[in-house]
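Peer 1: Enclosed is the structure file my_file01.cif (mmCIF, C-alpha atoms and all ligand atoms).
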```
data_upload
loop_
_atom_site.label_atom_id
_atom_site.label_comp_id
_atom_site.auth_asym_id
_atom_site.auth_seq_id
_atom_site.Cartn_x
_atom_site.Cartn_y
_atom_site.Cartn_z
CA MET A 19 127.10 91.13 82.39
CA SER A 20 126.55 90.38 86.08
CA LEU A 21 122.98 91.57 86.08
CA ALA A 22 120.85 91.97 82.98
CA VAL A 23 117.23 93.06 82.98
CA ALA A 24 115.25 93.18 79.75
CA ASN A 25 111.77 94.62 79.12
CA LEU A 26 110.59 94.07 82.68
CA SER A 27 107.08 95.27 83.52
CA TYR A 28 104.91 94.78 86.59
CA THR A 29 101.43 95.93 87.59
CA TYR A 30 99.57 95.95 90.90
CA GLY A 31 95.99 95.67 89.59
CA PRO A 32 95.57 98.75 87.39
CA LYS A 33 98.76 100.39 88.74
CA ARG A 34 101.78 99.98 86.44
CA ALA A 35 104.75 100.02 88.85
CA LEU A 36 107.44 99.04 86.30
CA ASP A 37 107.14 99.85 82.63
CA ASP A 38 109.46 98.09 80.17
CA VAL A 39 112.59 98.40 82.29
CA SER A 40 115.89 97.31 80.68
CA PHE A 41 119.47 97.75 81.89
CA SER A 42 122.61 95.74 82.51
CA ILE A 43 125.47 96.08 84.98
CA ALA A 44 129.04 95.03 84.26
CA PRO A 45 131.00 92.87 86.74
CA GLY A 46 132.59 94.82 89.60
CA ARG A 47 130.52 97.96 89.01
CA PHE A 48 128.73 100.01 91.64
CA CYS A 49 125.35 100.88 90.15
CA ALA A 50 123.12 103.38 91.93
CA LEU A 51 119.40 103.04 91.30
CA LEU A 52 118.15 106.52 92.03
CA GLY A 53 114.44 107.19 92.25
CA PRO A 54 112.02 109.25 94.32
CA ASN A 55 109.46 107.57 96.59
CA GLY A 56 107.14 105.37 94.58
CA ALA A 57 109.49 105.17 91.56
CA GLY A 58 109.37 101.36 91.57
CA LYS A 59 112.68 100.50 93.29
CA SER A 60 111.20 98.03 95.79
CA THR A 61 109.08 96.44 93.05
CA LEU A 62 112.20 95.92 90.95
CA PHE A 63 114.00 94.36 93.94
CA GLY A 64 111.00 92.11 94.58
CA LEU A 65 111.25 90.82 91.00
CA LEU A 66 115.05 90.41 91.15
CA THR A 67 114.75 88.32 94.34
CA ARG A 68 111.68 86.39 93.11
CA LEU A 69 109.50 87.62 95.97
CA PHE A 70 107.09 87.90 93.10
CA THR A 71 107.28 87.11 89.39
CA THR A 72 106.06 88.55 86.12
CA PRO A 73 105.64 87.04 82.67
CA ASP A 74 106.73 90.39 81.19
CA GLY A 75 110.49 90.57 80.74
CA ARG A 76 113.64 88.72 81.62
CA VAL A 77 116.26 88.80 84.39
CA GLU A 78 119.71 87.22 84.21
CA ILE A 79 121.96 87.05 87.27
CA ALA A 80 125.58 86.06 86.64
CA GLY A 81 124.50 84.57 83.32
CA GLN A 82 121.64 82.49 84.78
CA ASP A 83 118.07 83.13 83.69
CA LEU A 84 116.04 83.82 86.85
CA SER A 85 112.81 82.19 85.70
CA ARG A 86 114.43 79.16 84.02
CA HIS A 87 117.17 78.49 86.60
CA PRO A 88 116.02 80.24 89.79
CA LEU A 89 118.22 78.30 92.21
CA GLN A 90 121.44 78.96 90.28
CA ALA A 91 120.50 82.59 89.66
CA LEU A 92 119.56 83.27 93.30
CA ALA A 93 122.72 81.53 94.55
CA ALA A 94 124.68 84.34 92.88
CA LEU A 95 122.65 87.04 94.63
CA GLY A 96 123.09 88.68 98.05
CA ILE A 97 120.37 90.96 99.38
CA VAL A 98 120.06 93.59 102.09
CA PHE A 99 116.42 94.54 102.50
CA GLN A 100 115.22 97.97 103.53
CA GLN A 101 113.83 96.71 106.84
CA GLN A 102 116.37 95.36 109.28
CA THR A 103 116.23 91.57 109.67
CA LEU A 104 118.70 90.79 112.48
CA ASP A 105 117.89 88.96 115.70
CA LEU A 106 118.80 91.61 118.27
CA ASP A 107 119.17 89.05 121.09
CA LEU A 108 121.95 87.21 119.23
CA THR A 109 125.55 88.32 118.88
CA VAL A 110 126.89 89.48 115.55
CA ARG A 111 128.60 86.11 115.01
CA GLN A 112 125.47 84.16 115.98
CA ASN A 113 123.39 86.10 113.45
CA LEU A 114 125.90 85.17 110.76
CA SER A 115 126.24 81.53 111.94
CA TYR A 116 122.52 81.00 111.67
CA PHE A 117 122.50 82.35 108.13
CA ALA A 118 125.56 80.27 107.19
CA ALA A 119 123.68 77.15 108.34
CA LEU A 120 120.72 78.12 106.14
CA HIS A 121 123.16 78.14 103.21
CA GLY A 122 124.40 74.67 104.16
CA LEU A 123 127.70 75.97 105.56
CA SER A 124 128.97 74.56 108.85
CA GLY A 125 132.10 73.90 110.90
CA LYS A 126 135.39 75.31 109.68
CA THR A 127 134.03 76.46 106.33
CA ALA A 128 131.32 78.50 108.05
CA ALA A 129 133.80 79.97 110.57
CA THR A 130 136.24 80.96 107.81
CA ARG A 131 133.50 82.56 105.70
CA ILE A 132 132.12 84.44 108.73
CA ASP A 133 135.55 85.80 109.68
CA ALA A 134 136.22 86.86 106.09
CA ALA A 135 132.83 88.60 105.77
CA LEU A 136 133.27 90.40 109.09
CA ASP A 137 136.77 91.49 108.05
CA ARG A 138 135.44 92.89 104.77
CA LEU A 139 133.04 95.13 106.70
CA ARG A 140 135.57 95.82 109.51
CA MET A 141 133.25 94.21 112.05
CA ARG A 142 135.48 91.37 113.29
CA GLU A 143 136.22 93.02 116.65
CA ARG A 144 132.47 93.30 117.33
CA ALA A 145 131.68 89.65 116.57
CA ARG A 146 130.83 88.83 120.19
CA GLU A 147 128.69 91.86 120.87
CA LYS A 148 124.92 91.51 121.17
CA THR A 149 123.39 93.02 118.06
CA ARG A 150 121.07 95.10 120.24
CA THR A 151 124.03 97.07 121.62
CA LEU A 152 125.24 98.12 118.14
CA ASN A 153 124.43 101.47 116.56
CA GLY A 154 122.43 101.58 113.33
CA GLY A 155 125.51 101.76 111.11
CA HIS A 156 127.11 98.68 112.67
CA ARG A 157 123.84 96.76 112.46
CA ARG A 158 123.74 97.55 108.74
CA ARG A 159 127.34 96.42 108.33
CA THR A 160 126.41 93.15 110.05
CA GLU A 161 123.59 92.65 107.56
CA ILE A 162 125.91 93.35 104.63
CA ALA A 163 128.51 90.90 106.00
CA ARG A 164 125.73 88.32 106.33
CA ALA A 165 124.63 88.90 102.72
CA LEU A 166 128.19 88.08 101.54
CA LEU A 167 128.51 84.70 103.34
CA HIS A 168 127.53 82.58 100.36
CA ALA A 169 129.99 84.48 98.12
CA PRO A 170 127.43 86.11 95.80
CA LYS A 171 128.50 87.80 92.56
CA VAL A 172 125.84 90.49 92.82
CA LEU A 173 124.75 92.39 95.94
CA LEU A 174 121.41 94.24 96.07
CA LEU A 175 120.81 96.86 98.74
CA ASP A 176 117.41 98.53 99.09
CA GLU A 177 117.91 102.00 100.60
CA PRO A 178 120.49 100.66 103.07
CA THR A 179 121.18 104.01 104.74
CA VAL A 180 117.61 104.82 105.77
CA GLY A 181 117.56 106.07 109.36
CA LEU A 182 121.35 106.41 109.70
CA ASP A 183 123.18 109.58 110.71
CA ALA A 184 125.43 111.34 108.20
CA ALA A 185 128.69 109.73 109.41
CA SER A 186 127.28 106.18 109.34
CA ARG A 187 125.72 106.84 105.95
CA ARG A 188 129.08 107.90 104.55
CA ALA A 189 130.85 104.91 106.14
CA ILE A 190 128.41 102.36 104.71
CA THR A 191 128.48 103.98 101.27
CA ASP A 192 132.32 103.88 101.32
CA HIS A 193 132.45 100.27 102.54
CA VAL A 194 130.14 99.04 99.81
CA HIS A 195 132.05 100.96 97.12
CA ASP A 196 135.21 99.23 98.41
CA LEU A 197 133.61 95.81 97.92
CA THR A 198 133.46 96.37 94.16
CA ALA A 199 137.27 96.51 94.06
CA GLU A 200 137.16 92.79 94.83
CA GLY A 201 134.90 92.12 91.83
CA LEU A 202 131.49 92.27 93.50
CA THR A 203 128.71 93.88 91.44
CA VAL A 204 126.44 96.18 93.45
CA LEU A 205 122.95 97.53 92.83
CA TRP A 206 122.25 100.21 95.44
CA ALA A 207 118.76 101.72 95.59
CA THR A 208 118.49 105.21 97.03
CA HIS A 209 116.67 108.50 96.71
CA LEU A 210 119.72 110.46 97.93
CA THR A 211 121.97 111.93 95.24
CA ASP A 212 124.90 112.43 97.64
CA GLU A 213 125.36 108.65 97.82
CA VAL A 214 126.25 108.57 94.12
CA ARG A 215 129.88 109.07 93.00
CA PRO A 216 130.77 110.57 89.60
CA ASP A 217 132.24 107.30 88.29
CA ASP A 218 129.31 105.12 89.45
CA HIS A 219 126.94 103.56 86.94
CA LEU A 220 123.68 105.44 87.49
CA LEU A 221 120.09 104.48 86.70
CA ILE A 222 117.40 107.08 87.29
CA LEU A 223 114.01 105.46 87.79
CA HIS A 224 110.82 107.49 87.87
CA GLN A 225 107.21 106.34 87.66
CA GLY A 226 108.35 102.86 86.68
CA ARG A 227 110.57 103.95 83.80
CA ILE A 228 114.33 104.29 83.41
CA LEU A 229 114.92 107.95 82.52
CA ARG A 230 118.74 107.81 82.44
CA ASP A 231 121.31 105.00 82.26
CA GLY A 232 125.04 105.71 82.22
CA PRO A 233 128.02 107.06 84.17
CA ALA A 234 126.79 109.48 86.85
CA ALA A 235 129.17 112.25 85.72
CA GLU A 236 127.80 112.11 82.17
CA ILE A 237 124.22 112.23 83.40
CA ALA A 238 124.95 115.25 85.62
CA GLN A 239 126.67 116.97 82.63
CA GLY A 240 128.87 119.14 84.78
CA SER A 241 126.12 120.40 87.03
CA ASP A 242 125.00 119.16 90.41
CA LEU A 243 123.43 115.68 90.23
CA SER A 244 120.65 116.69 92.62
CA ASP A 245 119.61 119.52 90.25
CA THR A 246 119.56 117.11 87.31
CA PHE A 247 117.60 114.54 89.33
CA LEU A 248 115.02 117.12 90.47
CA ARG A 249 114.63 118.53 86.98
CA LEU A 250 114.13 115.08 85.44
CA THR A 251 111.69 113.80 88.02
CA LYS A 252 109.72 117.07 88.11
CA ALA A 253 109.47 117.37 84.36
CA SER A 254 107.60 114.09 84.01
CA ALA A 255 105.70 114.22 87.33
N1 LIG B 301 101.09 96.21 97.00
C1 LIG B 301 100.85 97.27 96.24
N2 LIG B 301 99.61 97.50 95.73
C2 LIG B 301 99.36 98.55 94.93
N3 LIG B 301 100.28 99.45 94.54
C3 LIG B 301 101.52 99.27 95.02
C4 LIG B 301 101.88 98.19 95.88
N4 LIG B 301 103.21 98.28 96.18
C5 LIG B 301 103.65 99.39 95.53
N5 LIG B 301 102.64 99.98 94.86
C6 LIG B 301 102.76 101.18 94.00
O1 LIG B 301 103.71 100.91 92.98
C7 LIG B 301 104.56 102.04 92.76
C8 LIG B 301 106.02 101.64 93.00
O2 LIG B 301 106.21 101.35 94.38
P1 LIG B 301 107.59 100.87 94.99
O3 LIG B 301 107.35 100.55 96.43
O4 LIG B 301 108.19 99.84 94.13
O5 LIG B 301 108.45 102.22 94.88
P2 LIG B 301 109.81 102.63 95.61
O6 LIG B 301 110.61 103.34 94.58
O7 LIG B 301 110.40 101.44 96.25
O8 LIG B 301 109.32 103.66 96.70
P3 LIG B 301 109.86 103.89 98.21
O9 LIG B 301 111.14 104.65 98.06
O10 LIG B 301 108.74 104.70 98.78
O11 LIG B 301 110.01 102.53 98.83
C9 LIG B 301 104.06 103.14 93.70
O12 LIG B 301 103.18 103.97 92.98
C10 LIG B 301 103.31 102.37 94.78
O13 LIG B 301 102.27 103.14 95.32
#
```
So that I can check it, write out the structure of this file as structure tokens.
Ligand SMILES: Nc1ncnc2c1ncn2[C@@H]1O[C@H](COP(=O)(O)OP(=O)(O)OP(=O)(O)O)[C@@H](O)[C@H]1O
Peer 2:
Amino acid sequence: MSLAVANLSYTYGPKRALDDVSFSIAPGRFCALLGPNGAGKSTLFGLLTRLFTTPDGRVEIAGQDLSRHPLQALAALGIVFQQQTLDLDLTVRQNLSYFAALHGLSGKTAATRIDAALDRLRMRERAREKTRTLNGGHRRRTEIARALLHAPKVLLLDEPTVGLDAASRRAITDHVHDLTAEGLTVLWATHLTDEVRPDDHLLILHQGRILRDGPAAEIAQGSDLSDTFLRLTKASA
């Protein structure tokens, strides 16, 4: 498995934000983590990226235990946070170059990796543009390209389409689905059912618990996924 989470729990004081969460994602799968506001998606991402830690449960990334071998585990992880983290005064290429340097990449290796990442997101022709001049969708694509520079096996995206118009939202969703064809494993947090495709792996998270885990089409059972999602998250509200 590319990502395996077992019996993960987390509390903020008395508030239990994650309650015995377990799931695993196979290599090259697109997995949608669908949950309403407050479900625990950001808390889960914080634990997967070691922004904070918990003694309750286990995380394995590309076969490496996150608490026992954090450097090796995190080296296999790319992350796109919910809030944008680009320097708007730098060009697209400069934003990526800086990040490549942080990963110890320089010279020809860095240039080759940057070109490849920009190609994957179809952003190569915009490499010299100031990030400030890009629309929201292209800024997001720049961040995704940046997250791929160190050749991670697993890519986490925390509500990556927030604030984008419908066309950009569709384009980003399509681009990231395409990345899985090259073997990348994706965990995509969202509260929007139209970003989930029938053959995606789907996790429905609500009030810190996984309510469903399986192929999206099986979970929807022939009806509209948004109806299923609303029914499930209302029933236990
Ligand atoms: N620092 C904190 N202190 C106390 N409670 C918190 C804190 N951060 C999150 N929570 C609570 O933990 C629960 C899970 O929050 P989390 O942010 O992980 O959910 P989410 O699914 O990411 O929601 P959103 O889509 O709104 O970002 C919520 O009930 C939230 O109010």
Peer 1: Using all atoms listed in the file, which protein or nucleic acid residues come within 6 Å of range 40-53 of chain A? Drop anything in the same chain fewer than 4 positions from it, and give the result as an MDAnalysis selection string.
Peer 2: chainID A and resid 19:25 57 198 201:209 218:224
Peer 1: Under the rule that all atoms listed in the file are counted, which of A:Ala189, A:Ala163, A:Val194, A:Leu152 is the nearest residue to Arg131 in chain A?
Peer 2: A:Ala163
Peer 1: Could you report the residues within 9 Å of ligand LIG 301 (chain B), using all atoms listed in the file, as a PyMOL selection string?
Peer 2: chain A and resi 28-36+52-64+100+176-177+207-209+223-226
Peer 1: So the first atom is CA of Thr191 in chain A and the second is CA of Leu26 in chain A; what is the distance between them in Å, to one decimal place?
Peer 2: 27.6 Å
Peer 1: Please determine the residues with any atom at most 10 Å from (118.7, 93.9, 108.0) (coordinates as given in the file, with all atoms listed in the file counting) and report them as an MDAnalysis selection string.
Peer 2: chainID A and resid 97:105 157:162 164:165 175 178
Peer 1: With C-alpha atoms retained, export the selected residues as a PDB file, in the coordinates of the input.
Peer 2:
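Full text of again_16.pdb as output:
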```pdb
ATOM      1  CA  ILE A  97     120.370  90.960  99.380  1.00  0.00           C
ATOM      2  CA  VAL A  98     120.060  93.590 102.090  1.00  0.00           C
ATOM      3  CA  PHE A  99     116.420  94.540 102.500  1.00  0.00           C
ATOM      4  CA  GLN A 100     115.220  97.970 103.530  1.00  0.00           C
ATOM      5  CA  GLN A 101     113.830  96.710 106.840  1.00  0.00           C
ATOM      6  CA  GLN A 102     116.370  95.360 109.280  1.00  0.00           C
ATOM      7  CA  THR A 103     116.230  91.570 109.670  1.00  0.00           C
ATOM      8  CA  LEU A 104     118.700  90.790 112.480  1.00  0.00           C
ATOM      9  CA  ASP A 105     117.890  88.960 115.700  1.00  0.00           C
ATOM     10  CA  ARG A 157     123.840  96.760 112.460  1.00  0.00           C
ATOM     11  CA  ARG A 158     123.740  97.550 108.740  1.00  0.00           C
ATOM     12  CA  ARG A 159     127.340  96.420 108.330  1.00  0.00           C
ATOM     13  CA  THR A 160     126.410  93.150 110.050  1.00  0.00           C
ATOM     14  CA  GLU A 161     123.590  92.650 107.560  1.00  0.00           C
ATOM     15  CA  ILE A 162     125.910  93.350 104.630  1.00  0.00           C
ATOM     16  CA  ARG A 164     125.730  88.320 106.330  1.00  0.00           C
ATOM     17  CA  ALA A 165     124.630  88.900 102.720  1.00  0.00           C
ATOM     18  CA  LEU A 175     120.810  96.860  98.740  1.00  0.00           C
ATOM     19  CA  PRO A 178     120.490 100.660 103.070  1.00  0.00           C
TER      20      PRO A 178
END
```
Peer 1: Here is a test: counting all atoms listed in the file, which residue of A:His156, A:Arg140, A:Lys148, A:Arg249 is nearest to Leu197 in chain A?
Peer 2: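 That would be A:Arg140, the residue with the smallest distance to Leu197 in chain A.
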Peer 1: Calculated over all atoms listed in the file, which of the candidates A:Leu92, A:Asp83, A:Asn153, A:Glu200 has the smallest distance to Leu182 in chain A?
Peer 2: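 Among the listed residues, A:Asn153 lies closest to Leu182 in chain A.
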